Amino acid sequence: MKEKLNREAFERKVKKSEYMAADCKENFPDSTGTAKNISVCKQPEEESRESIEQLRADRDFFKEVISAVSHPFYAIDANDHKILMANQAAINFFGDLSDHPFCYSWTHGRSTPCSGEDHPCPLEIIKKTKQPLAVEHTHYDNQGQPSNFQIHAYPLLDSKGNVSKVIEYTLEITKFKRMEEAHRETEQRYHEIIENAHDIIQSTRPDGTLTFVNQAWHEALGYIKADLKSLNLSDIIHPNSLPQYMKLFARVLAGQSVTEIAATFVAKDGRKIFVEGNVSPRKLNGKVISTHGIFRNVTARKRAEAALWESEKKYRNILESIEDGYYEVDRFGNMTFFNDSLCMIFGYSENELLGMNFRQYMDEKFARKVFKTFNQVYLTGKPEKAFDWQIERKDGAKRWIEGSVSLITNAEGSVAGFRGIIRDVTDRKLAEEKLAMYSKHLEKIIADLNVAQEVQQNLLPRHPPKDKYFDIAGTSLYCDETGGDYYDYIRLPWLGSNVHAIVVGDVSGHGVSSALLMASVRAYLRGRTLQPGSVAEILTDVNRLVSADTLETGQFMTLFFLVIDAQTGRLTWVRAGHHPALFYSPFAGCCGELGGEGLPLGVTGTWKYKEYNATAKPGEIFILTTDGVWEAQNDKGEMFGKKRFKELIGKNAALGAEDIHESIIEAVATFQGKTPQDDDITLVVLKYL
């Protein structure tokens, strides 16, 4: 039916028909609109014919109305969901009732009644509520295609007041739903755009109260949604910007759109937020009802500009105060900008230097070098640092300068010129030439020292003596290439086949002179021990020779000379100003010393040395060393010390001489850590078997 029907009039007609047919037999047309059983209601004889005719007229009226309705209209048995009648519009859309006699199979293609939140059954709801109902459903046409419908369902009650039938008419709302969904998607899309925009967006009423702000607004100003209720424009505009902003706001309220607004907002925590943007009015019936503003947060840019200005100011001050020369040239090498220091380096005034080409203050050789360097920077875009060339000052003086160069680009990214720093390095160049000469000399000295080191190492014992009566191990570790420490093993066959001398010495000072004295003493000792004589006589003769060598230098050497008869265990020693040798007795469990008197070698040539004697027992350990062992220091300035040294000997007394020797060397190295060794270390360990 094309024209609109008055729903209330229609419902009144339906209800009136129900009341008039309450005592009648059921009389509903079938799917073709033909009545199943047109019978005359049993009426009392006293009822007037006019009432019967009126009833028939009402029935015919409703049939015409139902047939004329262009939307599906049908009646359902409330007990079994069976379709009792349907108009032509319903049959055309859903199909013939003979194949699908039930509402759920006819309209949904289901085998069971509708249920659940997505598809609630209107009939079941009405049976419970006995009230009309409007609900949205997805129905399927006779081709199985879905469409959205709005169902209007009305209950028909029997004489007991129970719902016996339900009348439904449906309005197809598929297009409306699609439009609604499209509108919702569009609205959601624009909402997401606004919420995700980096720009600050706000809407206000004419009185300045805020009605909408986006997420960027919240993030920039720090307010939460609950704060908006009490906020006004005057609360978020900085007092310095407020008068000008309110003038512009008045123009917007007058209907104008204002662009290129620069203002300062105030965040919740008091921070200044610099913004630029536009404000436009929203009108209704020609009257401004709200304003919409879009602002870009330019705080970072403003701060960057301020920082840049400060930086430029600072660097200009620096350029004028530094001793190095700063320059800028165009692409052809003509001076365009420079500081005062550059004028002093080149010897020209500002007016003379401005516009001068680089070829004018250097010879052709260096001009080619400078051009090559600048051209490389131009081609690669990579700065060049610390390249040097020679210039000629205005007064003709030649000066070496060291400079850097990098590109200057314009706003379009094109090369506009070059800039860099120049430093006068003439004095450094001269120093470098001297340094090169000294370096060659130093290399020769180092080579000589390496030779001396090799020679000195060859003077030390390569292998310890082997004897079945004792075990021995020794080493010297120098803090420089060469040193003054010395140890040696010397056989004394004229005293017996098993007699050995063990010598440890320490020359005052370090370096080559100490190494030379150490070599001399070794030679004197080796030469003197080839001849018979007591230990005291040997040292007295050697001292006389050493004293003659050191008369003018003031050098001296401490030395401990120990002789052992391995077969008998007899010990004889002379102490020439050296630290007493230590011995460890496993029987007493403690350390003792082999002491005695005696001056260092080289102090005076007239000194006569004394010798001392003792007898070694099996298992006893004798240690000859220089003070570099217990005077070794760590990074805290602490010394290794004799106490730690003696404890270490006792702890390892059960080991062989080599293992005891290695344990002491490792312990000293561990104690020192990364602290450099500042004294020579010599250690000899003898264990009598």
# chains A, B, ... in the order shown; residues from 1 in each chain; ligands from 1

call {"tool": "closest_atom_pairs", "arguments": {"of": "segment 475-538 of chain A", "to": "segment 550-553 of chain A", "cutoff": "12 Å", "atoms": "only C-alpha atoms", "output": "Markdown table"}}
result
| residue | atom | partner | partner_atom | distance |
| --- | --- | --- | --- | --- |
| A:Val507 | CA | A:Thr550 | CA | 11.4 |
| A:Ser508 | CA | A:Thr553 | CA | 11.0 |
| A:Gly509 | CA | A:Thr553 | CA | 11.6 |
| A:Ser513 | CA | A:Thr553 | CA | 9.7 |
| A:Ser514 | CA | A:Thr553 | CA | 10.9 |
| A:Leu516 | CA | A:Thr550 | CA | 11.2 |
| A:Leu517 | CA | A:Thr550 | CA | 8.5 |
| A:Met518 | CA | A:Thr550 | CA | 11.8 |
| A:Ser520 | CA | A:Thr550 | CA | 10.8 |
| A:Val521 | CA | A:Thr550 | CA | 11.3 |

call {"tool": "atom_distance", "arguments": {"atom1": "atom CA of Ala536 of chain A", "atom2": "atom CA of Tyr612 of chain A"}}
result
9.1 Å

call {"tool": "residues_around", "arguments": {"residues": "Ala616 of chain A", "least_positions_apart": "5", "cutoff": "12 Å", "atoms": "only C-alpha atoms", "output": "ChimeraX atom specification"}}
result
/A:469-470,563-572,583-586,594,621-622,686-689

call {"tool": "residues_around", "arguments": {"residues": "segment 183-196 of chain A", "least_positions_apart": "6", "cutoff": "9 Å", "atoms": "only C-alpha atoms", "output": "compact mmCIF listing (two decimals) with C-alpha atoms, in the first residue's frame"}}
result
# COMPACT_ATOMS: atom_id res chain seq x y z
CA VAL A 213 38.87 18.65 22.89
CA ASN A 214 40.89 15.87 21.25
CA GLN A 215 43.60 13.64 22.65
CA ALA A 216 46.40 15.91 21.42

call {"tool": "residues_around", "arguments": {"residues": "Leu210 of chain A", "least_positions_apart": "6", "cutoff": "10 Å", "atoms": "only C-alpha atoms", "output": "number ranges by chain"}}
result
A: 202-204, 227-233, 290-291

call {"tool": "select_by_dssp", "arguments": {"residues": "segment 90-185 of chain A", "states": "strand (DSSP E)", "output": "number ranges by chain"}}
result
A: 133-140, 146-157, 163-172

call {"tool": "closest_residue", "arguments": {"among": "A:Thr625, A:Ser547, A:Asn334, A:Asn297", "to": "Ala197 of chain A", "atoms": "only C-alpha atoms"}}
result
A:Asn297

call {"tool": "closest_residue", "arguments": {"among": "A:Arg423, A:Lys272, A:Lys82, A:Lys398", "to": "Pro113 of chain A", "atoms": "only C-alpha atoms"}}
result
A:Lys82

call {"tool": "closest_residue", "arguments": {"among": "A:Pro206, A:Ala397, A:Gly673, A:Phe358", "to": "Arg251 of chain A", "atoms": "only C-alpha atoms"}}
result
A:Pro206

call {"tool": "decode", "arguments": {"residues": "segment 365-377 of chain A", "atoms": "all heavy atoms", "output": "PDB file, in the first residue's frame"}}
result
ATOM      1  N   LYS A 365     101.743  25.385  -6.065  1.00  0.00           N
ATOM      2  CA  LYS A 365     101.795  24.024  -5.521  1.00  0.00           C
ATOM      3  C   LYS A 365     100.710  23.807  -4.471  1.00  0.00           C
ATOM      4  O   LYS A 365      99.948  22.828  -4.528  1.00  0.00           O
ATOM      5  CB  LYS A 365     103.180  23.776  -4.925  1.00  0.00           C
ATOM      6  CG  LYS A 365     103.303  22.466  -4.156  1.00  0.00           C
ATOM      7  CD  LYS A 365     104.649  22.386  -3.451  1.00  0.00           C
ATOM      8  CE  LYS A 365     104.712  21.175  -2.530  1.00  0.00           C
ATOM      9  NZ  LYS A 365     106.001  21.112  -1.785  1.00  0.00           N
ATOM     10  N   PHE A 366     100.637  24.719  -3.521  1.00  0.00           N
ATOM     11  CA  PHE A 366      99.641  24.554  -2.448  1.00  0.00           C
ATOM     12  C   PHE A 366      98.238  24.915  -2.927  1.00  0.00           C
ATOM     13  O   PHE A 366      97.248  24.403  -2.404  1.00  0.00           O
ATOM     14  CB  PHE A 366     100.048  25.388  -1.235  1.00  0.00           C
ATOM     15  CG  PHE A 366     101.220  24.832  -0.499  1.00  0.00           C
ATOM     16  CD1 PHE A 366     102.466  25.443  -0.560  1.00  0.00           C
ATOM     17  CD2 PHE A 366     101.101  23.664   0.245  1.00  0.00           C
ATOM     18  CE1 PHE A 366     103.563  24.917   0.103  1.00  0.00           C
ATOM     19  CE2 PHE A 366     102.188  23.137   0.922  1.00  0.00           C
ATOM     20  CZ  PHE A 366     103.428  23.753   0.847  1.00  0.00           C
ATOM     21  N   ALA A 367      98.137  25.793  -3.953  1.00  0.00           N
ATOM     22  CA  ALA A 367      96.823  26.107  -4.517  1.00  0.00           C
ATOM     23  C   ALA A 367      96.198  24.860  -5.128  1.00  0.00           C
ATOM     24  O   ALA A 367      94.986  24.622  -5.000  1.00  0.00           O
ATOM     25  CB  ALA A 367      96.943  27.217  -5.558  1.00  0.00           C
ATOM     26  N   ARG A 368      97.024  24.056  -5.822  1.00  0.00           N
ATOM     27  CA  ARG A 368      96.511  22.811  -6.399  1.00  0.00           C
ATOM     28  C   ARG A 368      96.074  21.843  -5.297  1.00  0.00           C
ATOM     29  O   ARG A 368      95.048  21.165  -5.417  1.00  0.00           O
ATOM     30  CB  ARG A 368      97.587  22.157  -7.277  1.00  0.00           C
ATOM     31  CG  ARG A 368      97.805  22.856  -8.610  1.00  0.00           C
ATOM     32  CD  ARG A 368      98.588  21.974  -9.574  1.00  0.00           C
ATOM     33  NE  ARG A 368      99.903  21.635  -9.049  1.00  0.00           N
ATOM     34  CZ  ARG A 368     101.000  22.343  -9.271  1.00  0.00           C
ATOM     35  NH1 ARG A 368     100.930  23.449 -10.018  1.00  0.00           N
ATOM     36  NH2 ARG A 368     102.159  21.969  -8.763  1.00  0.00           N
ATOM     37  N   LYS A 369      96.832  21.772  -4.204  1.00  0.00           N
ATOM     38  CA  LYS A 369      96.476  20.883  -3.088  1.00  0.00           C
ATOM     39  C   LYS A 369      95.155  21.308  -2.444  1.00  0.00           C
ATOM     40  O   LYS A 369      94.287  20.474  -2.168  1.00  0.00           O
ATOM     41  CB  LYS A 369      97.599  20.905  -2.045  1.00  0.00           C
ATOM     42  CG  LYS A 369      97.304  20.026  -0.825  1.00  0.00           C
ATOM     43  CD  LYS A 369      98.441  20.075   0.181  1.00  0.00           C
ATOM     44  CE  LYS A 369      98.128  19.189   1.389  1.00  0.00           C
ATOM     45  NZ  LYS A 369      99.204  19.215   2.405  1.00  0.00           N
ATOM     46  N   VAL A 370      95.000  22.613  -2.208  1.00  0.00           N
ATOM     47  CA  VAL A 370      93.774  23.120  -1.591  1.00  0.00           C
ATOM     48  C   VAL A 370      92.584  22.888  -2.514  1.00  0.00           C
ATOM     49  O   VAL A 370      91.506  22.466  -2.072  1.00  0.00           O
ATOM     50  CB  VAL A 370      93.927  24.616  -1.248  1.00  0.00           C
ATOM     51  CG1 VAL A 370      92.586  25.205  -0.841  1.00  0.00           C
ATOM     52  CG2 VAL A 370      94.957  24.798  -0.137  1.00  0.00           C
ATOM     53  N   PHE A 371      92.752  23.157  -3.817  1.00  0.00           N
ATOM     54  CA  PHE A 371      91.655  22.943  -4.769  1.00  0.00           C
ATOM     55  C   PHE A 371      91.237  21.477  -4.778  1.00  0.00           C
ATOM     56  O   PHE A 371      90.044  21.151  -4.792  1.00  0.00           O
ATOM     57  CB  PHE A 371      92.083  23.376  -6.170  1.00  0.00           C
ATOM     58  CG  PHE A 371      91.039  23.083  -7.213  1.00  0.00           C
ATOM     59  CD1 PHE A 371      89.957  23.935  -7.393  1.00  0.00           C
ATOM     60  CD2 PHE A 371      91.120  21.932  -7.997  1.00  0.00           C
ATOM     61  CE1 PHE A 371      88.983  23.652  -8.342  1.00  0.00           C
ATOM     62  CE2 PHE A 371      90.148  21.644  -8.944  1.00  0.00           C
ATOM     63  CZ  PHE A 371      89.078  22.511  -9.115  1.00  0.00           C
ATOM     64  N   LYS A 372      92.202  20.561  -4.772  1.00  0.00           N
ATOM     65  CA  LYS A 372      91.899  19.131  -4.783  1.00  0.00           C
ATOM     66  C   LYS A 372      91.104  18.724  -3.546  1.00  0.00           C
ATOM     67  O   LYS A 372      90.142  17.949  -3.631  1.00  0.00           O
ATOM     68  CB  LYS A 372      93.207  18.341  -4.860  1.00  0.00           C
ATOM     69  CG  LYS A 372      93.013  16.835  -4.945  1.00  0.00           C
ATOM     70  CD  LYS A 372      94.350  16.123  -5.047  1.00  0.00           C
ATOM     71  CE  LYS A 372      94.148  14.607  -5.109  1.00  0.00           C
ATOM     72  NZ  LYS A 372      95.460  13.894  -5.204  1.00  0.00           N
ATOM     73  N   THR A 373      91.499  19.273  -2.394  1.00  0.00           N
ATOM     74  CA  THR A 373      90.795  18.937  -1.148  1.00  0.00           C
ATOM     75  C   THR A 373      89.370  19.478  -1.156  1.00  0.00           C
ATOM     76  O   THR A 373      88.413  18.761  -0.821  1.00  0.00           O
ATOM     77  CB  THR A 373      91.567  19.498   0.060  1.00  0.00           C
ATOM     78  OG1 THR A 373      92.893  18.982   0.056  1.00  0.00           O
ATOM     79  CG2 THR A 373      90.873  19.121   1.360  1.00  0.00           C
ATOM     80  N   PHE A 374      89.212  20.739  -1.540  1.00  0.00           N
ATOM     81  CA  PHE A 374      87.879  21.338  -1.574  1.00  0.00           C
ATOM     82  C   PHE A 374      86.991  20.629  -2.596  1.00  0.00           C
ATOM     83  O   PHE A 374      85.797  20.423  -2.361  1.00  0.00           O
ATOM     84  CB  PHE A 374      87.987  22.833  -1.924  1.00  0.00           C
ATOM     85  CG  PHE A 374      88.243  23.712  -0.742  1.00  0.00           C
ATOM     86  CD1 PHE A 374      89.340  23.508   0.093  1.00  0.00           C
ATOM     87  CD2 PHE A 374      87.376  24.744  -0.428  1.00  0.00           C
ATOM     88  CE1 PHE A 374      89.584  24.316   1.183  1.00  0.00           C
ATOM     89  CE2 PHE A 374      87.602  25.565   0.670  1.00  0.00           C
ATOM     90  CZ  PHE A 374      88.718  25.354   1.476  1.00  0.00           C
ATOM     91  N   ASN A 375      87.559  20.255  -3.722  1.00  0.00           N
ATOM     92  CA  ASN A 375      86.783  19.568  -4.756  1.00  0.00           C
ATOM     93  C   ASN A 375      86.318  18.199  -4.267  1.00  0.00           C
ATOM     94  O   ASN A 375      85.200  17.763  -4.566  1.00  0.00           O
ATOM     95  CB  ASN A 375      87.625  19.414  -6.019  1.00  0.00           C
ATOM     96  CG  ASN A 375      86.788  18.942  -7.203  1.00  0.00           C
ATOM     97  OD1 ASN A 375      85.755  19.534  -7.516  1.00  0.00           O
ATOM     98  ND2 ASN A 375      87.229  17.885  -7.857  1.00  0.00           N
ATOM     99  N   GLN A 376      87.151  17.509  -3.485  1.00  0.00           N
ATOM    100  CA  GLN A 376      86.768  16.214  -2.927  1.00  0.00           C
ATOM    101  C   GLN A 376      85.591  16.370  -1.960  1.00  0.00           C
ATOM    102  O   GLN A 376      84.655  15.555  -1.958  1.00  0.00           O
ATOM    103  CB  GLN A 376      87.965  15.581  -2.203  1.00  0.00           C
ATOM    104  CG  GLN A 376      87.718  14.191  -1.653  1.00  0.00           C
ATOM    105  CD  GLN A 376      87.542  13.153  -2.739  1.00  0.00           C
ATOM    106  OE1 GLN A 376      87.914  13.385  -3.886  1.00  0.00           O
ATOM    107  NE2 GLN A 376      86.966  12.016  -2.383  1.00  0.00           N
ATOM    108  N   VAL A 377      85.644  17.421  -1.144  1.00  0.00           N
ATOM    109  CA  VAL A 377      84.531  17.695  -0.226  1.00  0.00           C
ATOM    110  C   VAL A 377      83.268  18.014  -1.010  1.00  0.00           C
ATOM    111  O   VAL A 377      82.163  17.576  -0.666  1.00  0.00           O
ATOM    112  CB  VAL A 377      84.900  18.859   0.721  1.00  0.00           C
ATOM    113  CG1 VAL A 377      83.693  19.274   1.563  1.00  0.00           C
ATOM    114  CG2 VAL A 377      86.052  18.466   1.617  1.00  0.00           C
TER     115      VAL A 377
END
